[in-house]
Amino acid sequence: MRRNRQHEAEFEQGCMEHLDSLYATAMKLTRNRTEADELVQDTYLRAFRFRSSFAPGTNLRAWLFRILTNTFINDYRRARHARNYVERAAAEPLYDEVLNRHALEYAGNPENHVFNACFQKELTAALEELPEEFRMAVLLCDVQGFSYKEIAEMLELPMGTVMSRLHRGRRLLQARLVDWAVEEGIRPAPSIPPACEDAAQSEPPVPLDDFRRKKEIRG
Amino acid sequence: MNCATSRKFIDAYMDGELEPGMMLEMEGHMAACADCSALHLLKRRMQRALREGCAMEAPAALRQSVRAIAASGGRRRWTMVALPAAAAAAVLVGVLFVGSLAPSDTVDAVVEDMVARHARALPMEIADAREDAAASWFQGKIDFPVRPLSPGLKNASFEGARVSNVRDQQAAQMTYLVDGRRVTFLVFPAADLTIRGGDVRTVNGREYLTGRRNGYNVALTREGDMIYAVSSDLSANRLVSLLARGR
Ligand SMILES: [Zn+2]
């Protein structure tokens, strides 16, 4: 009995520890304070109602994020709009090829404080405008640090799909940064792509499994 | 390793998702290639900026609500506000919430149907009519009497009516604009419907069930053999108060 109560207290405390990161994610998903608040409450309602489905010793954080993302997808997302976003995003050009080395070094250098201050603001604003599917992948991987496999399990998607959503989300963000840097006069408008970057740039990444298979054949 | 291959795997490299051998090959290329290592640096910096830029503290009020949810074992405590009659805060017991974590079980098909009726926004069969005229328009078209949502409601206008259905039941569907938002009002026979999912709250002794789907809220109540339901992107509280006002 006492042991049980101790388990419950641990579960409760464990859940509370992830409140801030769940809320931050909910804010970026719903882009609305009231809805983020409701989404987090719905997540905790489900977590405590279905606590028996949580296997002690497994990843509580991943379990909570799974509930959050599923609740968002099913109850909060207006499906009609989501489709349009994805179609529009597919038509957007991808920009890796227009980043030249000079711009890359400048953007990547933490010493450039002028760039620094706005960089973060601009990025998070761009993140909010990403299509939901891409935004969710970027949030879970880049912001929350989940592995590809954890995200794939969370969203019940093949790992290749997670990778391509993440890849496209990141490249849309990069594209926005280039636009911004040009507007701000931080760097000149992109001209000719560097020679070493070929058509591979516009393709989604090769699934890891494919790569491993290729390696096996070669070796 | 050339640049083209490196660019294909640069994301997985940054995320530490490559197998050890490939990791080493990528490291080798990064040391030798200024372009790829600059891109890698930018990607890392983007990732850090995102992580820092998205960090947020949950508001104190939310923390409190979540503590209350934890203490109740996942049963929501509703506080009813801004209702016309003295509506005491009702403690909610999630008895109607049955099922597993599977999304399709958490909100009943009825709620889903109602949201679909609202979201599709089909044209109304009568549009230029008064609310009370709609009630008589339904006579002969459907097998049950229809009462309008909430006659004389402020900030609300009647937009039209059509014959519709919810699950296998014939339904009277009426559209309103309330606080500038479209609200779909449905009246249909309760018959043998089992409604699962959502939350229950009690106002003036009557039970109201609320649910959420695809970004829309639904509130419904049973009166005799009939179900009165509203769906909209208005808050669940507002929808319950709309229903409660007309009952
Ligand atoms: Zn290279």
# chains A, B, ... in the order shown; residues from 1 in each chain; ligands from 1
>>> closest_atom_pairs(of="chain B", to="ligand 1", cutoff="7 Å", atoms="only C-alpha atoms and all ligand atoms", output="Markdown table")
| residue | atom | partner | partner_atom_place_in_ligand_line | distance |
| --- | --- | --- | --- | --- |
| B:Asn2 | CA | ligand 1 | 1 (Zn) | 6.1 |
| B:Cys3 | CA | ligand 1 | 1 (Zn) | 3.6 |
| B:Ser6 | CA | ligand 1 | 1 (Zn) | 6.1 |
| B:His29 | CA | ligand 1 | 1 (Zn) | 6.4 |
| B:Met30 | CA | ligand 1 | 1 (Zn) | 6.8 |
| B:Cys33 | CA | ligand 1 | 1 (Zn) | 4.7 |
| B:Ala34 | CA | ligand 1 | 1 (Zn) | 6.8 |
| B:Asp35 | CA | ligand 1 | 1 (Zn) | 5.5 |
| B:Cys36 | CA | ligand 1 | 1 (Zn) | 4.2 |
>>> write_last_selection(atoms="N, CA, C and O atoms", output="tab-separated table (two decimals), in the first residue's frame")
chain	number	residue	atom	x	y	z
B	2	ASN	N	31.92	12.84	-50.80
B	2	ASN	CA	31.89	14.14	-51.47
B	2	ASN	C	30.81	15.02	-50.84
B	2	ASN	O	30.07	14.58	-49.95
B	3	CYS	N	30.71	16.25	-51.32
B	3	CYS	CA	29.78	17.21	-50.73
B	3	CYS	C	28.32	16.75	-50.88
B	3	CYS	O	27.51	16.91	-49.98
B	6	SER	N	27.60	14.24	-48.33
B	6	SER	CA	27.65	14.89	-47.02
B	6	SER	C	26.38	15.68	-46.73
B	6	SER	O	25.83	15.64	-45.64
B	29	HIS	N	34.97	14.44	-43.41
B	29	HIS	CA	34.61	15.41	-44.43
B	29	HIS	C	34.47	16.82	-43.85
B	29	HIS	O	34.90	17.79	-44.46
B	30	MET	N	33.90	16.91	-42.67
B	30	MET	CA	33.72	18.21	-42.02
B	30	MET	C	35.06	18.89	-41.77
B	30	MET	O	35.20	20.10	-41.91
B	33	CYS	N	36.25	20.04	-45.39
B	33	CYS	CA	35.43	20.86	-46.28
B	33	CYS	C	34.85	22.07	-45.54
B	33	CYS	O	34.03	21.92	-44.64
B	34	ALA	N	35.28	23.25	-45.96
B	34	ALA	CA	34.84	24.46	-45.28
B	34	ALA	C	33.35	24.74	-45.51
B	34	ALA	O	32.66	25.21	-44.62
B	35	ASP	N	32.87	24.43	-46.70
B	35	ASP	CA	31.46	24.69	-47.01
B	35	ASP	C	30.54	23.86	-46.12
B	35	ASP	O	29.60	24.37	-45.52
B	36	CYS	N	30.81	22.57	-46.08
B	36	CYS	CA	29.94	21.69	-45.29
B	36	CYS	C	30.05	22.00	-43.81
B	36	CYS	O	29.07	21.94	-43.08
>>> residues_around(residues="A:Gln144", least_positions_apart="3", cutoff="9 Å", atoms="only C-alpha atoms", output="PDB file with all heavy atoms, in the first residue's frame")
ATOM      1  N   SER A  21       7.845  22.363 -20.484  1.00  0.00           N
ATOM      2  CA  SER A  21       8.155  22.025 -21.879  1.00  0.00           C
ATOM      3  C   SER A  21       6.897  21.609 -22.640  1.00  0.00           C
ATOM      4  O   SER A  21       6.774  21.855 -23.838  1.00  0.00           O
ATOM      5  CB  SER A  21       9.264  20.970 -21.970  1.00  0.00           C
ATOM      6  OG  SER A  21       8.912  19.826 -21.258  1.00  0.00           O
ATOM      7  N   THR A  25       5.573  23.727 -25.921  1.00  0.00           N
ATOM      8  CA  THR A  25       5.242  23.043 -27.168  1.00  0.00           C
ATOM      9  C   THR A  25       3.794  23.336 -27.576  1.00  0.00           C
ATOM     10  O   THR A  25       3.504  23.599 -28.744  1.00  0.00           O
ATOM     11  CB  THR A  25       5.453  21.524 -27.021  1.00  0.00           C
ATOM     12  OG1 THR A  25       6.781  21.304 -26.527  1.00  0.00           O
ATOM     13  CG2 THR A  25       5.282  20.806 -28.342  1.00  0.00           C
ATOM     14  N   VAL A 138      10.067  19.608 -36.081  1.00  0.00           N
ATOM     15  CA  VAL A 138      11.142  20.489 -35.612  1.00  0.00           C
ATOM     16  C   VAL A 138      11.041  20.699 -34.101  1.00  0.00           C
ATOM     17  O   VAL A 138      12.044  20.668 -33.383  1.00  0.00           O
ATOM     18  CB  VAL A 138      11.109  21.849 -36.361  1.00  0.00           C
ATOM     19  CG1 VAL A 138      12.072  22.838 -35.740  1.00  0.00           C
ATOM     20  CG2 VAL A 138      11.432  21.653 -37.834  1.00  0.00           C
ATOM     21  N   LEU A 139       9.819  20.891 -33.608  1.00  0.00           N
ATOM     22  CA  LEU A 139       9.628  21.092 -32.173  1.00  0.00           C
ATOM     23  C   LEU A 139      10.113  19.880 -31.382  1.00  0.00           C
ATOM     24  O   LEU A 139      10.795  20.016 -30.377  1.00  0.00           O
ATOM     25  CB  LEU A 139       8.150  21.339 -31.862  1.00  0.00           C
ATOM     26  CG  LEU A 139       7.639  22.765 -32.033  1.00  0.00           C
ATOM     27  CD1 LEU A 139       6.113  22.793 -31.944  1.00  0.00           C
ATOM     28  CD2 LEU A 139       8.237  23.684 -30.980  1.00  0.00           C
ATOM     29  N   LEU A 140       9.721  18.694 -31.856  1.00  0.00           N
ATOM     30  CA  LEU A 140      10.046  17.491 -31.102  1.00  0.00           C
ATOM     31  C   LEU A 140      11.538  17.171 -31.163  1.00  0.00           C
ATOM     32  O   LEU A 140      12.130  16.757 -30.178  1.00  0.00           O
ATOM     33  CB  LEU A 140       9.223  16.301 -31.605  1.00  0.00           C
ATOM     34  CG  LEU A 140       7.715  16.422 -31.338  1.00  0.00           C
ATOM     35  CD1 LEU A 140       6.955  15.306 -32.039  1.00  0.00           C
ATOM     36  CD2 LEU A 140       7.422  16.392 -29.836  1.00  0.00           C
ATOM     37  N   CYS A 141      12.159  17.400 -32.321  1.00  0.00           N
ATOM     38  CA  CYS A 141      13.578  17.057 -32.460  1.00  0.00           C
ATOM     39  C   CYS A 141      14.480  18.199 -31.982  1.00  0.00           C
ATOM     40  O   CYS A 141      15.255  18.034 -31.056  1.00  0.00           O
ATOM     41  CB  CYS A 141      13.886  16.698 -33.907  1.00  0.00           C
ATOM     42  SG  CYS A 141      15.605  16.240 -34.137  1.00  0.00           S
TER      43      CYS A 141
ATOM     44  N   ARG B  51      15.883  26.198 -29.562  1.00  0.00           N
ATOM     45  CA  ARG B  51      15.698  25.646 -28.219  1.00  0.00           C
ATOM     46  C   ARG B  51      15.548  26.770 -27.196  1.00  0.00           C
ATOM     47  O   ARG B  51      14.655  26.758 -26.367  1.00  0.00           O
ATOM     48  CB  ARG B  51      16.890  24.758 -27.866  1.00  0.00           C
ATOM     49  CG  ARG B  51      16.632  23.846 -26.696  1.00  0.00           C
ATOM     50  CD  ARG B  51      17.698  22.771 -26.617  1.00  0.00           C
ATOM     51  NE  ARG B  51      17.631  21.876 -27.773  1.00  0.00           N
ATOM     52  CZ  ARG B  51      18.547  20.950 -28.054  1.00  0.00           C
ATOM     53  NH1 ARG B  51      19.596  20.813 -27.278  1.00  0.00           N
ATOM     54  NH2 ARG B  51      18.410  20.174 -29.099  1.00  0.00           N
TER      55      ARG B  51
END
>>> interface_residues(of="chain B", to="chain A", cutoff="6 Å", atoms="only C-alpha atoms", output="count of residues only")
20
>>> atom_distance(atom1="atom CA of B:Thr221", atom2="atom CA of B:Ala190")
9.9 Å
>>> residues_around(residues="B:Asn155", least_positions_apart="6", cutoff="10 Å", atoms="only C-alpha atoms", output="PyMOL selection string")
chain B and resi 177-181
>>> write_last_selection(atoms="N, CA, C and O atoms", output="JSON list (two decimals), in the first residue's frame")
[["chain", "number", "residue", "atom", "x", "y", "z"],
["B", 177, "LEU", "N", -25.16, 33.15, -35.85],
["B", 177, "LEU", "CA", -23.92, 33.87, -35.59],
["B", 177, "LEU", "C", -24.00, 34.36, -34.15],
["B", 177, "LEU", "O", -24.93, 35.09, -33.79],
["B", 178, "VAL", "N", -23.08, 33.93, -33.33],
["B", 178, "VAL", "CA", -23.06, 34.35, -31.92],
["B", 178, "VAL", "C", -21.69, 34.94, -31.63],
["B", 178, "VAL", "O", -20.67, 34.31, -31.91],
["B", 179, "ASP", "N", -21.67, 36.14, -31.09],
["B", 179, "ASP", "CA", -20.41, 36.86, -30.84],
["B", 179, "ASP", "C", -19.56, 36.88, -32.11],
["B", 179, "ASP", "O", -18.33, 36.76, -32.05],
["B", 180, "GLY", "N", -20.21, 36.94, -33.26],
["B", 180, "GLY", "CA", -19.48, 36.99, -34.52],
["B", 180, "GLY", "C", -18.97, 35.65, -35.01],
["B", 180, "GLY", "O", -18.31, 35.57, -36.04],
["B", 181, "ARG", "N", -19.23, 34.57, -34.28],
["B", 181, "ARG", "CA", -18.77, 33.24, -34.71],
["B", 181, "ARG", "C", -19.94, 32.38, -35.15],
["B", 181, "ARG", "O", -21.04, 32.48, -34.59]]
>>> atom_distance(atom1="atom CA of B:Met226", atom2="atom CA of B:Pro189")
4.4 Å
>>> atom_distance(atom1="atom CA of B:Glu125", atom2="atom CA of B:Ala161")
5.9 Å
>>> residues_around(residues="stretch 231-245 of chain B", least_positions_apart="3", cutoff="8 Å", atoms="only C-alpha atoms", output="VMD selection string")
chain B and resid 80 to 81 83 to 84 114 to 115 118 149 to 150 181 to 185 203 208 210 to 211 215 to 221 228
